[in-house]
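S.K.: Structure file start-v3.cif (mmCIF, C-alpha atoms and all ligand atoms) right here:
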data_start
#
loop_
_atom_site.label_atom_id
_atom_site.label_comp_id
_atom_site.auth_asym_id
_atom_site.auth_seq_id
_atom_site.Cartn_x
_atom_site.Cartn_y
_atom_site.Cartn_z
CA MET A 1 -147.75 33.25 96.02
CA ARG A 2 -146.11 33.47 92.62
CA VAL A 3 -142.72 35.17 92.33
CA ASP A 4 -141.10 35.79 88.93
CA ILE A 5 -137.50 36.93 88.98
CA LEU A 6 -135.96 38.66 85.95
CA SER A 7 -132.20 38.26 86.00
CA LEU A 8 -129.12 38.21 83.79
CA PHE A 9 -127.67 35.42 85.95
CA PRO A 10 -130.45 32.91 86.61
CA GLY A 11 -127.92 30.27 87.71
CA MET A 12 -127.20 32.31 90.84
CA PHE A 13 -130.57 31.28 92.30
CA GLU A 14 -130.08 27.54 92.04
CA GLY A 15 -128.19 27.08 95.32
CA PRO A 16 -130.15 29.37 97.65
CA PHE A 17 -133.56 28.31 96.35
CA GLY A 18 -132.70 24.61 96.29
CA GLU A 19 -132.14 24.28 100.04
CA SER A 20 -133.69 24.83 103.43
CA MET A 21 -136.87 26.84 104.05
CA ILE A 22 -137.31 28.14 100.51
CA LYS A 23 -137.12 24.63 99.10
CA ARG A 24 -139.65 23.48 101.69
CA ALA A 25 -141.99 26.32 100.75
CA ILE A 26 -141.71 25.40 97.06
CA ASP A 27 -142.22 21.69 97.76
CA ARG A 28 -145.29 22.48 99.85
CA GLY A 29 -146.75 24.66 97.12
CA LEU A 30 -146.72 27.80 99.26
CA VAL A 31 -144.67 29.67 96.70
CA GLN A 32 -143.96 29.23 93.02
CA LEU A 33 -140.60 30.70 92.02
CA ASN A 34 -139.91 31.28 88.32
CA ILE A 35 -136.52 32.56 87.21
CA HIS A 36 -136.32 34.22 83.77
CA ASN A 37 -133.23 35.16 81.82
CA ILE A 38 -133.55 38.76 80.67
CA ARG A 39 -131.40 37.82 77.66
CA ASP A 40 -134.23 35.66 76.35
CA PHE A 41 -136.06 38.93 75.66
CA ALA A 42 -133.21 40.58 73.72
CA HIS A 43 -133.84 41.43 70.07
CA ASP A 44 -130.57 40.61 68.31
CA LYS A 45 -128.59 37.45 67.73
CA HIS A 46 -125.97 38.50 70.29
CA ARG A 47 -128.75 38.79 72.87
CA THR A 48 -127.68 42.31 73.80
CA VAL A 49 -129.33 43.67 76.92
CA ASP A 50 -127.18 46.71 77.67
CA ASP A 51 -125.93 49.78 75.84
CA TYR A 52 -123.91 52.97 76.34
CA PRO A 53 -125.55 55.78 78.28
CA TYR A 54 -126.93 58.72 76.31
CA GLY A 55 -124.97 61.84 77.23
CA GLY A 56 -121.80 59.82 77.84
CA GLY A 57 -120.30 58.55 81.09
CA CYS A 58 -118.82 55.27 82.16
CA GLY A 59 -120.52 51.91 82.42
CA MET A 60 -123.44 50.39 80.61
CA VAL A 61 -127.18 50.74 81.08
CA LEU A 62 -129.81 47.97 80.87
CA LYS A 63 -131.95 48.55 77.80
CA PRO A 64 -135.68 49.09 78.28
CA GLU A 65 -137.05 46.67 75.63
CA PRO A 66 -136.02 43.32 77.20
CA LEU A 67 -137.29 44.42 80.63
CA PHE A 68 -140.63 45.76 79.35
CA GLU A 69 -141.17 42.61 77.31
CA ALA A 70 -140.15 40.24 80.09
CA VAL A 71 -142.63 41.90 82.47
CA GLU A 72 -145.35 41.68 79.79
CA ALA A 73 -144.58 38.01 79.14
CA VAL A 74 -144.95 37.17 82.83
CA ARG A 75 -148.19 39.14 83.10
CA GLU A 76 -149.61 37.27 80.09
CA ARG A 77 -149.05 33.94 81.84
CA VAL A 78 -151.57 34.88 84.53
CA PRO A 79 -154.00 37.22 82.77
CA GLY A 80 -156.27 39.41 84.85
CA GLU A 81 -154.10 39.11 87.98
CA SER A 82 -152.58 42.15 89.66
CA PHE A 83 -148.82 42.23 90.09
CA SER A 84 -146.38 44.00 92.32
CA VAL A 85 -143.40 44.80 90.09
CA VAL A 86 -140.32 45.50 92.20
CA LEU A 87 -136.99 46.82 90.95
CA LEU A 88 -134.05 45.94 93.19
CA SER A 89 -131.71 48.89 93.21
CA PRO A 90 -129.62 50.91 95.65
CA GLN A 91 -131.99 53.82 95.02
CA GLY A 92 -135.09 52.05 96.35
CA ARG A 93 -136.82 52.40 99.70
CA LEU A 94 -135.01 50.53 102.45
CA PHE A 95 -136.08 46.90 102.95
CA SER A 96 -137.35 45.98 106.42
CA HIS A 97 -139.63 43.55 108.23
CA LYS A 98 -142.53 45.92 107.52
CA VAL A 99 -141.79 45.95 103.78
CA ALA A 100 -141.43 42.14 103.78
CA LYS A 101 -144.88 41.87 105.38
CA GLU A 102 -146.32 44.23 102.80
CA ILE A 103 -144.89 42.17 99.92
CA SER A 104 -146.07 38.90 101.49
CA LYS A 105 -149.68 40.09 101.03
CA HIS A 106 -149.34 40.10 97.21
CA SER A 107 -150.22 36.97 95.24
CA ASN A 108 -148.01 37.89 92.26
CA VAL A 109 -144.64 39.56 92.52
CA ILE A 110 -142.11 40.29 89.79
CA LEU A 111 -138.57 41.08 90.97
CA ILE A 112 -136.30 42.83 88.48
CA CYS A 113 -132.59 42.49 89.17
CA GLY A 114 -130.78 45.56 87.92
CA HIS A 115 -127.16 45.48 86.73
CA TYR A 116 -124.33 47.59 85.33
CA GLU A 117 -124.69 51.31 85.99
CA GLY A 118 -128.44 50.85 86.31
CA VAL A 119 -131.54 50.45 84.20
CA ASP A 120 -132.92 52.81 81.58
CA GLU A 121 -135.07 55.30 83.49
CA ARG A 122 -138.14 54.44 81.36
CA VAL A 123 -138.30 51.02 83.05
CA ARG A 124 -139.72 52.88 86.04
CA ALA A 125 -142.96 53.12 84.02
CA VAL A 126 -143.61 49.39 84.57
CA ILE A 127 -142.51 49.09 88.19
CA THR A 128 -144.74 49.61 91.23
CA ASP A 129 -142.00 49.55 93.86
CA GLU A 130 -138.24 49.96 94.16
CA ILE A 131 -136.33 48.34 97.01
CA SER A 132 -132.78 48.58 98.35
CA ILE A 133 -131.55 46.06 100.92
CA GLY A 134 -129.03 48.48 102.41
CA ASP A 135 -126.87 51.52 101.86
CA TYR A 136 -124.17 49.81 99.83
CA VAL A 137 -123.87 48.90 96.18
CA LEU A 138 -123.96 45.25 95.11
CA THR A 139 -122.78 44.06 91.72
CA GLY A 140 -126.38 43.32 90.80
CA GLY A 141 -129.87 42.90 92.19
CA GLU A 142 -129.72 39.08 92.45
CA LEU A 143 -128.48 38.86 96.04
CA ALA A 144 -131.00 41.54 97.01
CA ALA A 145 -133.80 39.54 95.34
CA MET A 146 -132.73 36.45 97.33
CA VAL A 147 -132.83 38.43 100.57
CA VAL A 148 -136.31 39.73 99.76
CA VAL A 149 -137.64 36.28 98.76
CA ASP A 150 -136.17 34.69 101.90
CA ALA A 151 -137.62 37.30 104.26
CA VAL A 152 -141.02 37.25 102.53
CA VAL A 153 -141.44 33.49 102.10
CA ARG A 154 -140.87 32.77 105.79
CA LEU A 155 -143.80 35.05 106.60
CA LEU A 156 -146.25 33.16 104.36
CA PRO A 157 -149.06 31.39 106.21
CA GLY A 158 -148.03 27.82 106.91
CA MET A 159 -144.29 28.50 107.00
CA LEU A 160 -143.43 29.12 110.61
CA ARG A 161 -144.20 27.13 113.72
CA SER A 162 -146.65 29.65 115.11
CA GLU A 163 -147.90 33.19 114.79
CA THR A 164 -146.39 33.89 118.21
CA ALA A 165 -142.96 32.92 116.90
CA VAL A 166 -143.26 35.54 114.15
CA GLN A 167 -144.53 38.19 116.53
CA GLU A 168 -141.74 37.63 119.02
CA GLU A 169 -138.77 37.50 116.68
CA SER A 170 -136.36 40.36 116.09
CA HIS A 171 -137.84 43.36 114.30
CA ALA A 172 -141.43 42.13 114.29
CA ARG A 173 -142.17 44.42 117.25
CA GLY A 174 -139.46 46.86 116.40
CA LEU A 175 -137.24 45.35 119.13
CA LEU A 176 -134.38 42.91 118.84
CA GLU A 177 -135.07 39.41 120.10
CA TYR A 178 -134.45 38.32 123.69
CA PRO A 179 -131.62 35.78 124.37
CA GLN A 180 -132.49 32.14 123.70
CA TYR A 181 -131.06 29.05 125.40
CA THR A 182 -131.39 25.31 124.94
CA ARG A 183 -129.84 22.28 126.62
CA PRO A 184 -127.42 21.67 128.31
CA GLN A 185 -128.26 23.78 131.36
CA ASN A 186 -124.57 24.26 132.11
CA TYR A 187 -122.06 24.33 129.28
CA ARG A 188 -118.42 24.83 130.24
CA GLY A 189 -119.57 26.81 133.23
CA TYR A 190 -121.93 29.03 131.25
CA GLU A 191 -125.31 28.75 132.97
CA VAL A 192 -128.78 29.18 131.54
CA PRO A 193 -130.46 32.05 133.47
CA ALA A 194 -132.38 30.56 136.41
CA ILE A 195 -135.60 32.40 135.53
CA LEU A 196 -135.97 30.29 132.36
CA LEU A 197 -136.02 27.13 134.48
CA SER A 198 -138.55 28.51 136.97
CA GLY A 199 -141.69 27.40 135.12
CA ASN A 200 -143.24 30.80 135.93
CA HIS A 201 -144.42 31.86 132.47
CA GLN A 202 -145.47 35.33 133.51
CA GLU A 203 -142.05 36.04 135.00
CA ILE A 204 -140.31 34.51 131.98
CA SER A 205 -142.33 36.69 129.64
CA ARG A 206 -141.45 39.77 131.71
CA TRP A 207 -137.75 38.87 131.73
CA ARG A 208 -137.77 38.38 127.98
CA GLY A 209 -139.43 41.73 127.46
CA GLU A 210 -136.78 43.42 129.62
CA GLN A 211 -133.97 41.64 127.81
CA ALA A 212 -135.35 42.58 124.38
CA PHE A 213 -135.59 46.20 125.48
CA LYS A 214 -132.09 46.23 127.02
CA ARG A 215 -130.52 44.60 123.98
CA THR A 216 -132.26 47.03 121.62
CA ARG A 217 -131.19 50.03 123.72
CA GLU A 218 -127.57 48.85 123.68
CA ARG A 219 -127.31 47.76 120.05
CA ARG A 220 -129.99 49.58 118.07
CA PRO A 221 -131.24 52.60 120.02
CA ASP A 222 -132.55 53.99 116.73
CA LEU A 223 -135.26 51.27 116.78
CA LEU A 224 -136.67 52.25 120.14
CA GLU A 225 -138.64 55.25 118.94
CA LYS A 226 -140.73 53.05 116.68
CA ALA A 227 -140.96 50.01 118.94
CA VAL A 228 -144.27 48.51 120.05
CA LEU A 229 -144.38 48.15 123.83
CA TRP A 230 -143.82 44.61 125.02
CA LYS A 231 -146.95 42.71 126.04
CA ASP A 232 -147.23 39.34 127.69
CA LYS A 233 -147.74 36.62 125.09
CA GLU A 234 -148.78 33.08 125.50
CA ALA A 235 -146.00 30.50 125.33
CA CYS A 236 -144.93 29.36 121.88
CA GLU A 237 -145.94 25.72 121.39
N1 LIG B 301 -128.44 46.41 93.49
C1 LIG B 301 -127.21 46.91 93.78
N2 LIG B 301 -127.12 47.30 95.05
C2 LIG B 301 -128.34 47.04 95.62
C3 LIG B 301 -128.87 47.22 96.92
N3 LIG B 301 -128.16 47.74 97.91
N4 LIG B 301 -130.14 46.84 97.13
C4 LIG B 301 -130.88 46.31 96.14
N5 LIG B 301 -130.43 46.12 94.90
C5 LIG B 301 -129.17 46.46 94.63
#
Could you write out this structure as structure tokens?

M.R.:
Amino acid sequence: MRVDILSLFPGMFEGPFGESMIKRAIDRGLVQLNIHNIRDFAHDKHRTVDDYPYGGGCGMVLKPEPLFEAVEAVRERVPGESFSVVLLSPQGRLFSHKVAKEISKHSNVILICGHYEGVDERVRAVITDEISIGDYVLTGGELAAMVVVDAVVRLLPGMLRSETAVQEESHARGLLEYPQYTRPQNYRGYEVPAILLSGNHQEISRWRGEQAFKRTRERRPDLLEKAVLWKDKEACE
């Protein structure tokens, strides 16, 4: 998968993409991440990328030319390939596990990080999708782009321990995840539930299903309507 990110603050990506799972995915060649400075596509010597809004009002608007040209430049690097061009903005459709899965199926993705009061409306002519990571306004699309890349990259084939692990984690089935425990068996008097030590995999699977359901009902009842009913799954090795 190739991901090209168009940003006014490319330095913001250095930390998050230089560590942990994303770094591993890059090192293993599962994803190629290219960060582009939108200012490199500005037309004047001051590298201006924003301007006052027509009709007045406060704040600045991202100009269309640098964004159009940046998208074209990326497309030219891999001619003939289809691209998903995603604008990160608070006005997009809400990001979710389902949307992450959808994006993970594309081989080429361009993420445009919006800024200021927004982008010139004509930029919507070059985008194929618009995504918001939540009902709040960030100072720019960079953090949203990082969230999207993180959630998508971990779904790429070869990233996670097993398919079962992906299927069983929170949100994959529309339920929150069941409680997990590791050693020690007793920590400061807090015991691991006996069922998990029983060795009875059918019973363990049933208990986990119940726990996932209970937890979802208590914390996120809104998810239950859409949830897939729990089925027994083979153990995750
Ligand atoms: N840019 C500013 N706020 C945002 C949000 N909530 N989601 C995606 N991009 C954004």

S.K.: Find, counting only C-alpha atoms and all ligand atoms, the residue in A:Ile204, A:Ile195, A:Leu94, A:Ala151 that gets nearest to ligand LIG 301 (chain B).

M.R.: A:Leu94

S.K.: Do you know which residues are at most 7 Å from Phe95 in chain A counting all atoms listed in the file, after dropping those on the same chain fewer than 6 positions away, and could you put them as a list in words?

M.R.: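 Skipping anything fewer than 6 positions along the chain leaves Ile131, Ser132 and Ile133 of chain A.
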
S.K.: Edge lengths and centre, in Å to one decimal, as JSON: that's what I need for the box along x, y and z that holds all listed atoms of ligand LIG 301 (chain B) plus 6 Å on each side.

M.R.:
{"center_x": -129.0, "center_y": 46.9, "center_z": 95.7, "size_x": 15.8, "size_y": 13.6, "size_z": 16.4}

S.K.: Within 9 Å of ligand LIG 301 (chain B), counting all atoms listed in the file: which residues, as a list in words?

M.R.: Leu87, Leu88, Ser89, Pro90, Gln91, Gly92, Leu94, Phe95, Cys113, Gly114, His115, Tyr116, Gly118, Glu130, Ile131, Ser132, Ile133, Gly134, Asp135, Tyr136, Val137, Leu138, Thr139, Gly140, Gly141, Glu142, Leu143, Ala144 and Ala145 of chain A

S.K.: Nearest residue to Met1 in chain A out of A:Arg154, A:Arg122, A:Lys63, A:Arg39, using only C-alpha atoms?

M.R.: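 Smallest separation from Met1 in chain A among the options: A:Arg154.
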